[in-house]
Every structure is written in C-alpha cells, then in structure tokens.
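Here is run29.cif, consisting of mmCIF, C-alpha atoms:
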```
data_upload
loop_
_atom_site.group_PDB
_atom_site.id
_atom_site.type_symbol
_atom_site.label_atom_id
_atom_site.label_comp_id
_atom_site.auth_asym_id
_atom_site.auth_seq_id
_atom_site.Cartn_x
_atom_site.Cartn_y
_atom_site.Cartn_z
ATOM 1 C CA MET A 48 25.812 -25.683 -16.958
ATOM 2 C CA SER A 49 25.682 -26.555 -13.254
ATOM 3 C CA ALA A 50 23.224 -29.171 -12.109
ATOM 4 C CA LEU A 51 20.039 -27.815 -10.622
ATOM 5 C CA PRO A 52 19.478 -28.783 -6.974
ATOM 6 C CA SER A 53 16.251 -30.697 -6.327
ATOM 7 C CA ARG A 54 12.994 -28.871 -5.656
ATOM 8 C CA ASP A 55 13.166 -30.184 -2.086
ATOM 9 C CA ALA A 56 16.562 -28.493 -1.693
ATOM 10 C CA GLN A 57 15.147 -25.301 -3.224
ATOM 11 C CA LEU A 58 12.196 -25.373 -0.826
ATOM 12 C CA ALA A 59 14.523 -25.923 2.125
ATOM 13 C CA LEU A 60 16.582 -22.904 1.077
ATOM 14 C CA MET A 61 13.490 -20.769 0.594
ATOM 15 C CA HIS A 62 12.005 -21.807 3.945
ATOM 16 C CA GLN A 63 15.313 -21.136 5.677
ATOM 17 C CA TYR A 64 15.225 -17.484 4.602
ATOM 18 C CA VAL A 65 11.510 -16.694 4.159
ATOM 19 C CA GLU A 66 9.241 -16.660 7.203
ATOM 20 C CA SER A 67 6.348 -14.661 5.755
ATOM 21 C CA GLU A 68 3.583 -16.953 4.556
ATOM 22 C CA SER A 69 2.395 -14.315 2.068
ATOM 23 C CA LEU A 70 5.872 -14.036 0.531
ATOM 24 C CA ARG A 71 6.139 -17.827 0.335
ATOM 25 C CA ARG A 72 2.771 -17.953 -1.414
ATOM 26 C CA HIS A 73 3.913 -15.258 -3.835
ATOM 27 C CA MET A 74 6.967 -17.338 -4.659
ATOM 28 C CA TYR A 75 4.834 -20.460 -5.175
ATOM 29 C CA SER A 76 2.592 -18.450 -7.501
ATOM 30 C CA VAL A 77 5.500 -17.210 -9.577
ATOM 31 C CA GLU A 78 6.938 -20.724 -9.706
ATOM 32 C CA ALA A 79 3.626 -22.145 -10.956
ATOM 33 C CA ALA A 80 3.280 -19.470 -13.640
ATOM 34 C CA CYS A 81 6.896 -19.901 -14.789
ATOM 35 C CA ARG A 82 6.512 -23.681 -14.940
ATOM 36 C CA ALA A 83 3.311 -23.330 -16.972
ATOM 37 C CA TYR A 84 5.047 -21.045 -19.462
ATOM 38 C CA ALA A 85 7.986 -23.470 -19.703
ATOM 39 C CA ARG A 86 5.534 -26.213 -20.757
ATOM 40 C CA VAL A 87 4.032 -23.953 -23.434
ATOM 41 C CA PHE A 88 7.452 -22.857 -24.692
ATOM 42 C CA GLY A 89 8.900 -26.388 -24.656
ATOM 43 C CA GLU A 90 11.559 -25.267 -22.161
ATOM 44 C CA ASP A 91 12.921 -26.976 -19.053
ATOM 45 C CA GLU A 92 10.188 -26.748 -16.444
ATOM 46 C CA ASP A 93 12.525 -27.323 -13.506
ATOM 47 C CA THR A 94 14.811 -24.460 -14.524
ATOM 48 C CA TYR A 95 11.888 -22.068 -14.959
ATOM 49 C CA GLY A 96 10.371 -23.296 -11.707
ATOM 50 C CA ALA A 97 13.599 -22.743 -9.764
ATOM 51 C CA ALA A 98 13.841 -19.150 -10.982
ATOM 52 C CA GLY A 99 10.237 -18.533 -9.914
ATOM 53 C CA LEU A 100 10.517 -20.268 -6.565
ATOM 54 C CA LEU A 101 13.771 -18.630 -5.516
ATOM 55 C CA HIS A 102 13.544 -15.142 -7.029
ATOM 56 C CA ASP A 103 12.699 -13.425 -3.722
ATOM 57 C CA PHE A 104 14.255 -15.773 -1.159
ATOM 58 C CA ASP A 105 16.691 -13.076 0.051
ATOM 59 C CA TYR A 106 14.128 -10.259 0.253
ATOM 60 C CA GLU A 107 13.104 -10.560 3.923
ATOM 61 C CA ARG A 108 16.629 -10.583 5.314
ATOM 62 C CA TRP A 109 18.342 -8.221 2.898
ATOM 63 C CA PRO A 110 15.722 -6.008 1.214
ATOM 64 C CA GLU A 111 18.306 -3.343 0.339
ATOM 65 C CA GLU A 112 20.561 -5.934 -1.317
ATOM 66 C CA HIS A 113 17.806 -7.971 -3.015
ATOM 67 C CA PRO A 114 18.325 -9.820 -5.390
ATOM 68 C CA LEU A 115 22.079 -9.289 -5.440
ATOM 69 C CA ARG A 116 22.653 -11.118 -2.150
ATOM 70 C CA GLY A 117 20.472 -14.041 -3.234
ATOM 71 C CA ALA A 118 22.222 -14.331 -6.599
ATOM 72 C CA GLU A 119 25.577 -14.451 -4.843
ATOM 73 C CA MET A 120 24.336 -17.172 -2.483
ATOM 74 C CA LEU A 121 22.880 -19.221 -5.346
ATOM 75 C CA ARG A 122 26.139 -18.917 -7.280
ATOM 76 C CA GLU A 123 28.037 -20.173 -4.212
ATOM 77 C CA GLY A 124 25.496 -23.004 -3.957
ATOM 78 C CA GLY A 125 26.231 -24.148 -7.510
ATOM 79 C CA TYR A 126 22.970 -23.074 -9.124
ATOM 80 C CA PRO A 127 23.014 -22.776 -12.926
ATOM 81 C CA GLU A 128 23.864 -19.338 -14.261
ATOM 82 C CA PRO A 129 20.630 -19.013 -16.324
ATOM 83 C CA VAL A 130 18.585 -19.256 -13.094
ATOM 84 C CA ILE A 131 20.814 -16.700 -11.367
ATOM 85 C CA ARG A 132 20.710 -14.293 -14.293
ATOM 86 C CA ALA A 133 16.899 -14.587 -14.484
ATOM 87 C CA ILE A 134 16.674 -13.693 -10.798
ATOM 88 C CA LEU A 135 18.933 -10.685 -11.354
ATOM 89 C CA ALA A 136 16.872 -9.643 -14.401
ATOM 90 C CA HIS A 137 13.595 -9.624 -12.460
ATOM 91 C CA TYR A 138 14.800 -6.424 -10.746
ATOM 92 C CA PRO A 139 16.730 -4.570 -13.457
ATOM 93 C CA ASP A 140 16.480 -1.186 -11.710
ATOM 94 C CA ARG A 141 18.756 -2.465 -8.933
ATOM 95 C CA THR A 142 20.902 -4.993 -10.788
ATOM 96 C CA GLY A 143 21.298 -3.387 -14.213
ATOM 97 C CA VAL A 144 20.541 -6.808 -15.747
ATOM 98 C CA GLN A 145 17.796 -6.428 -18.348
ATOM 99 C CA PRO A 146 15.561 -9.430 -19.116
ATOM 100 C CA GLU A 147 16.786 -10.772 -22.456
ATOM 101 C CA THR A 148 16.274 -14.542 -22.627
ATOM 102 C CA ARG A 149 12.877 -16.213 -22.643
ATOM 103 C CA LEU A 150 13.460 -17.450 -19.076
ATOM 104 C CA GLU A 151 14.380 -13.947 -17.899
ATOM 105 C CA ARG A 152 11.365 -12.379 -19.600
ATOM 106 C CA THR A 153 9.075 -15.070 -18.217
ATOM 107 C CA LEU A 154 10.157 -14.506 -14.620
ATOM 108 C CA HIS A 155 9.895 -10.738 -15.039
ATOM 109 C CA ALA A 156 6.401 -11.055 -16.558
ATOM 110 C CA CYS A 157 5.135 -13.459 -13.877
ATOM 111 C CA ASP A 158 6.471 -11.648 -10.810
ATOM 112 C CA GLU A 159 4.329 -8.530 -10.414
ATOM 113 C CA ILE A 160 1.181 -9.927 -12.014
ATOM 114 C CA THR A 161 0.878 -12.732 -9.464
ATOM 115 C CA GLY A 162 0.610 -10.109 -6.718
ATOM 116 C CA LEU A 163 -2.183 -8.356 -8.555
ATOM 117 C CA VAL A 164 -3.985 -11.646 -9.234
ATOM 118 C CA THR A 165 -3.696 -12.636 -5.566
ATOM 119 C CA ALA A 166 -5.039 -9.281 -4.389
ATOM 120 C CA ALA A 167 -7.938 -9.463 -6.860
ATOM 121 C CA ALA A 168 -8.761 -13.013 -5.731
ATOM 122 C CA LEU A 169 -8.722 -12.137 -2.043
ATOM 123 C CA VAL A 170 -11.327 -9.373 -2.390
ATOM 124 C CA ARG A 171 -13.798 -11.742 -4.065
ATOM 125 C CA PRO A 172 -16.486 -13.424 -1.962
ATOM 126 C CA SER A 173 -14.829 -16.790 -2.697
ATOM 127 C CA ARG A 174 -11.372 -15.421 -1.702
ATOM 128 C CA SER A 175 -9.982 -17.639 -4.450
ATOM 129 C CA VAL A 176 -8.673 -17.760 -8.004
ATOM 130 C CA ALA A 177 -11.270 -20.470 -8.703
ATOM 131 C CA ASP A 178 -13.780 -17.986 -10.119
ATOM 132 C CA LEU A 179 -11.443 -15.133 -11.047
ATOM 133 C CA GLU A 180 -11.191 -13.987 -14.661
ATOM 134 C CA ALA A 181 -8.656 -11.740 -16.386
ATOM 135 C CA LYS A 182 -11.190 -8.975 -17.055
ATOM 136 C CA SER A 183 -11.690 -8.537 -13.285
ATOM 137 C CA VAL A 184 -7.946 -8.216 -12.703
ATOM 138 C CA ILE A 185 -7.546 -5.770 -15.570
ATOM 139 C CA LYS A 186 -10.440 -3.704 -14.212
ATOM 140 C CA LYS A 187 -8.740 -3.654 -10.789
ATOM 141 C CA MET A 188 -5.509 -2.505 -12.460
ATOM 142 C CA LYS A 189 -7.236 0.775 -13.341
ATOM 143 C CA ASP A 190 -7.739 1.545 -9.649
ATOM 144 C CA LYS A 191 -4.344 2.917 -8.577
ATOM 145 C CA GLN A 192 -5.246 2.465 -4.885
ATOM 146 C CA PHE A 193 -5.843 -1.267 -5.340
ATOM 147 C CA ALA A 194 -2.612 -3.251 -4.776
ATOM 148 C CA ALA A 195 -0.835 0.089 -4.953
ATOM 149 C CA GLY A 196 2.607 -1.533 -4.732
ATOM 150 C CA VAL A 197 2.191 -3.195 -8.126
ATOM 151 C CA ASP A 198 3.715 -1.167 -10.961
ATOM 152 C CA ARG A 199 1.073 -1.330 -13.701
ATOM 153 C CA ASP A 200 3.424 -0.039 -16.391
ATOM 154 C CA ASP A 201 5.910 -2.773 -15.499
ATOM 155 C CA VAL A 202 3.164 -5.413 -15.713
ATOM 156 C CA ARG A 203 2.160 -4.208 -19.188
ATOM 157 C CA ARG A 204 5.738 -3.842 -20.429
ATOM 158 C CA ALA A 205 6.790 -7.262 -19.124
ATOM 159 C CA ALA A 206 3.867 -9.000 -20.869
ATOM 160 C CA GLU A 207 4.701 -7.149 -24.086
ATOM 161 C CA GLU A 208 8.382 -8.152 -23.826
ATOM 162 C CA LEU A 209 7.285 -11.765 -23.352
ATOM 163 C CA GLY A 210 5.212 -11.414 -26.527
ATOM 164 C CA VAL A 211 1.867 -12.070 -24.863
ATOM 165 C CA GLU A 212 -1.239 -9.885 -24.918
ATOM 166 C CA LEU A 213 -1.973 -8.594 -21.406
ATOM 167 C CA GLY A 214 -5.423 -10.208 -21.043
ATOM 168 C CA GLU A 215 -4.099 -13.577 -22.223
ATOM 169 C CA HIS A 216 -1.133 -13.293 -19.870
ATOM 170 C CA VAL A 217 -3.339 -12.492 -16.879
ATOM 171 C CA GLN A 218 -5.679 -15.396 -17.654
ATOM 172 C CA PHE A 219 -2.722 -17.750 -18.139
ATOM 173 C CA VAL A 220 -1.284 -16.778 -14.742
ATOM 174 C CA ILE A 221 -4.702 -17.169 -13.077
ATOM 175 C CA GLU A 222 -4.998 -20.684 -14.487
ATOM 176 C CA ALA A 223 -1.483 -21.592 -13.335
ATOM 177 C CA MET A 224 -2.337 -20.346 -9.852
ATOM 178 C CA ARG A 225 -5.597 -22.330 -9.850
ATOM 179 C CA GLY A 226 -3.496 -25.462 -10.145
ATOM 180 C CA ILE A 227 -1.890 -24.755 -6.762
ATOM 181 C CA ALA A 228 -4.771 -22.934 -5.030
ATOM 182 C CA PRO A 229 -4.510 -24.998 -1.803
ATOM 183 C CA GLU A 230 -0.784 -24.116 -1.484
ATOM 184 C CA LEU A 231 -1.825 -20.468 -1.819
ATOM 185 C CA GLY A 232 -4.325 -20.818 1.008
ATOM 186 C CA MET A 233 -7.220 -20.544 -1.444
ATOM 187 C CA SER A 234 -10.175 -22.764 -2.042
ATOM 188 C CA THR A 235 -10.612 -24.676 -5.286
ATOM 189 C CA GLU A 236 -14.370 -24.240 -4.954
ATOM 190 C CA VAL A 237 -16.399 -21.285 -6.155
#
```
Output the structure of this file as structure tokens.
Amino acid sequence: MSALPSRDAQLALMHQYVESESLRRHMYSVEAACRAYARVFGEDEDTYGAAGLLHDFDYERWPEEHPLRGAEMLREGGYPEPVIRAILAHYPDRTGVQPETRLERTLHACDEITGLVTAAALVRPSRSVADLEAKSVIKKMKDKQFAAGVDRDDVRRAAEELGVELGEHVQFVIEAMRGIAPELGMSTEV
C-alpha cells in the first residue's frame, strides 16, 4: 500500500481546491467522525481521517465529475488505494463503487449525517453541537423541508450497513463533532 501523505499535505490539497468555508467545515466534520469510528474499530485513524477529509475536495471545481476527478488526482498523488476506493464508494450512484469495506461504509455513513447534524445545531439558540442530542436530529429528519438536500433514506441505510443503530450513530457523530467544535465555527459552551 502507498504511504499516506501527512495531514498537513492533505489540508494543503483540500485548501487548494475548496474555498467554501461551509464545505471545509463539512469535510472536517466527516474527518472527525471517521477518525472516531477508526478508534472504536481498532483501525488506522489516519487512513480513515484522510478519506473523511478529502472525500469532497474536488466538488467545488468539478461537481459533475465528483468524486471521479478527485480519485484520479489522489491516485496520481500516490494516495493509498483504500482511501481512493472509500472516496469513490461515498457516491455509488455516480461511480458504481458500492461501499463494501469497513472504511468505505464508515465514510458513507458519516458523510450525509454530518450535514444534518450541522443544520440541526445551527438552528439551536446556542448554534452549536455542545447541547445537541440525537433525538433532536432524528426529530428534524422527519421534516422533509429541513436540510432538504440530505437523503434521509441514504442516512438510514448507511447506518444500517455500518451495523449501527441510527440513534447511536447520530449521537456518536455529534460527539465526534463536539471535539472539533471551534474548527466548525461553533461554540463549546451551551
């Protein structure tokens, strides 16, 4: 397997291609959730983190080719194939790559739910994940107008494929995001 470039190199790549602060924060959120799952699963945290951090780095410039263009660029940059395949598997409708490995299922499960968690946090008086609980996010999921771009069926299916009950998954992701709240532009205070 190819050596994984440093997180600093990954951040430089991401910042080179992603200008949107909200997209950067989404990618940080997914990275944090993937890293947290890697710790629980006894997997390599840096590999899981790289997949989370870089999964959308090509989206702003090439939305119609995402994540195919990014995967090609990462392959040319010597990134390990498991990271590239996980990135391809987070968007199976476009790539045809279904999430099969634990890493692939983790990235797929953490991607959409972080958007829903962020949206739920930002409508709270605290505008933070500090006081957010899974039951609030799950209640918001029932409102199809709330964070309308998030595919609820995909969120449920991805958690199931990861082997985690939806409420536990949502709470786990919230807690991972709490650990990086300042990077997400959120307070750590209630």
The PyMOL selection byres ((chain A and resi 172-188) around 7) applied to the shown file, residues as a VMD selection string: chain A and resid 164 167 to 171 189 to 191 193 199 214 217 to 218 221 225 233 to 237
Would you write out those residues with C-alpha atoms, as a PDB file, keeping the file's coordinate frame?
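After the write, out21.pdb holds the following:
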```pdb
ATOM      1  CA  VAL A 164      -3.985 -11.646  -9.234  1.00  0.00           C
ATOM      2  CA  ALA A 167      -7.938  -9.463  -6.860  1.00  0.00           C
ATOM      3  CA  ALA A 168      -8.761 -13.013  -5.731  1.00  0.00           C
ATOM      4  CA  LEU A 169      -8.722 -12.137  -2.043  1.00  0.00           C
ATOM      5  CA  VAL A 170     -11.327  -9.373  -2.390  1.00  0.00           C
ATOM      6  CA  ARG A 171     -13.798 -11.742  -4.065  1.00  0.00           C
ATOM      7  CA  LYS A 189      -7.236   0.775 -13.341  1.00  0.00           C
ATOM      8  CA  ASP A 190      -7.739   1.545  -9.649  1.00  0.00           C
ATOM      9  CA  LYS A 191      -4.344   2.917  -8.577  1.00  0.00           C
ATOM     10  CA  PHE A 193      -5.843  -1.267  -5.340  1.00  0.00           C
ATOM     11  CA  ARG A 199       1.073  -1.330 -13.701  1.00  0.00           C
ATOM     12  CA  GLY A 214      -5.423 -10.208 -21.043  1.00  0.00           C
ATOM     13  CA  VAL A 217      -3.339 -12.492 -16.879  1.00  0.00           C
ATOM     14  CA  GLN A 218      -5.679 -15.396 -17.654  1.00  0.00           C
ATOM     15  CA  ILE A 221      -4.702 -17.169 -13.077  1.00  0.00           C
ATOM     16  CA  ARG A 225      -5.597 -22.330  -9.850  1.00  0.00           C
ATOM     17  CA  MET A 233      -7.220 -20.544  -1.444  1.00  0.00           C
ATOM     18  CA  SER A 234     -10.175 -22.764  -2.042  1.00  0.00           C
ATOM     19  CA  THR A 235     -10.612 -24.676  -5.286  1.00  0.00           C
ATOM     20  CA  GLU A 236     -14.370 -24.240  -4.954  1.00  0.00           C
ATOM     21  CA  VAL A 237     -16.399 -21.285  -6.155  1.00  0.00           C
TER      22      VAL A 237
END
```
Atom-to-atom span, atom CA of A:His62 and atom CA of A:Leu209, Å: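 Separation of atom CA of A:His62 and atom CA of A:Leu209: 29.5 Å.
The space separating atom CA of A:Pro127 from atom CA of A:Glu111 comes to 24.0 Å.
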Go through the shown structure with the PyMOL selection byres ((chain A and resi 64) around 10) and write out the matching residues as a short mmCIF file (atom, residue, chain, number, x, y, z; two decimals) with C-alpha atoms, keeping the file's coordinate frame.
```cif
data_model
loop_
_atom_site.label_atom_id
_atom_site.label_comp_id
_atom_site.auth_asym_id
_atom_site.auth_seq_id
_atom_site.Cartn_x
_atom_site.Cartn_y
_atom_site.Cartn_z
CA ALA A 59 14.52 -25.92 2.12
CA LEU A 60 16.58 -22.90 1.08
CA MET A 61 13.49 -20.77 0.59
CA HIS A 62 12.00 -21.81 3.94
CA GLN A 63 15.31 -21.14 5.68
CA VAL A 65 11.51 -16.69 4.16
CA GLU A 66 9.24 -16.66 7.20
CA SER A 67 6.35 -14.66 5.76
CA ASP A 103 12.70 -13.42 -3.72
CA PHE A 104 14.26 -15.77 -1.16
CA ASP A 105 16.69 -13.08 0.05
CA TYR A 106 14.13 -10.26 0.25
CA GLU A 107 13.10 -10.56 3.92
CA ARG A 108 16.63 -10.58 5.31
CA TRP A 109 18.34 -8.22 2.90
#
```
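Considering the residues A:Asp93, A:Gly196, A:Glu212, A:Ile227 and counting all atoms listed in the file, A:Leu163 has its shortest atom-to-atom contact with A:Gly196.
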Nearby residues, (2.7, -21.0, -17.2) file frame, 8 Å, all atoms listed in the file, as a PDB file with C-alpha atoms, in the coordinates of the input:
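Here's the written file result16.pdb:
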```
ATOM      1  CA  ALA A  79       3.626 -22.145 -10.956  1.00  0.00           C
ATOM      2  CA  ALA A  80       3.280 -19.470 -13.640  1.00  0.00           C
ATOM      3  CA  CYS A  81       6.896 -19.901 -14.789  1.00  0.00           C
ATOM      4  CA  ARG A  82       6.512 -23.681 -14.940  1.00  0.00           C
ATOM      5  CA  ALA A  83       3.311 -23.330 -16.972  1.00  0.00           C
ATOM      6  CA  TYR A  84       5.047 -21.045 -19.462  1.00  0.00           C
ATOM      7  CA  ALA A  85       7.986 -23.470 -19.703  1.00  0.00           C
ATOM      8  CA  ARG A  86       5.534 -26.213 -20.757  1.00  0.00           C
ATOM      9  CA  VAL A  87       4.032 -23.953 -23.434  1.00  0.00           C
ATOM     10  CA  PHE A 219      -2.722 -17.750 -18.139  1.00  0.00           C
ATOM     11  CA  VAL A 220      -1.284 -16.778 -14.742  1.00  0.00           C
ATOM     12  CA  ALA A 223      -1.483 -21.592 -13.335  1.00  0.00           C
TER      13      ALA A 223
END
```
Nearest candidate to A:Ala98 (options A:Gln192, A:Asp140, A:Ala133, A:Ala56; using all atoms listed in the file): A:Ala133
Give me the box for stretch 180-187 of chain A as AutoDock Vina command-line options, namely the centre and edge lengths in Å to one decimal of a box along x, y and z that holds every listed atom plus 8 Å on each side.
```
--center_x -9.6 --center_y -8.8 --center_z -13.9 --size_x 20.1 --size_y 26.3 --size_z 22.3
```
Contact residues around A:Pro139 with all atoms listed in the file at 12 Å, ignoring same-chain residues under 4 positions, as a list in words: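 Selected residues are His113, Pro114, Leu115, Arg132, Ala133, Ile134, Leu135, Gly143, Val144, Gln145, Pro146, Glu147, Glu151, Arg152, Leu154, His155, Asp201 and Ala205 of chain A.
Close contacts of A:Leu51, defined as residues with an atom at most 12 Å away when counting only C-alpha atoms, with chain neighbours fewer than 2 positions off set aside, comprise Met48, Ser49, Ser53, Arg54, Asp55, Ala56, Gln57, Asp91, Glu92, Asp93, Thr94, Tyr95, Gly96, Ala97, Ala98, Leu121, Arg122, Gly124, Gly125, Tyr126, Pro127, Glu128, Pro129, Val130 and Ile131 of chain A.
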Minimum-distance residue to A:Ala228, chosen among A:Arg203, A:Thr142, A:Ala50, A:Tyr75 (using all atoms listed in the file):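 Checking each candidate against A:Ala228, we get A:Tyr75 as the closest.
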Between atom CA of A:Val77 and atom CA of A:Asp158, distance in Å (one decimal): 5.8 Å
Which of A:Gly226, A:Gly210, A:Gly117, A:Gly99 sits closest to A:Arg149 [using only C-alpha atoms]: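 Using only C-alpha atoms, the shortest distance to A:Arg149 belongs to A:Gly210.
Taking only C-alpha atoms into account, the protein, DNA and RNA residues within 8 Å of (7.4, -12.2, -4.6) read Leu70, Arg71, His73, Met74, Val77, His102, Asp103, Asp158, Glu159 and Gly162 of chain A.
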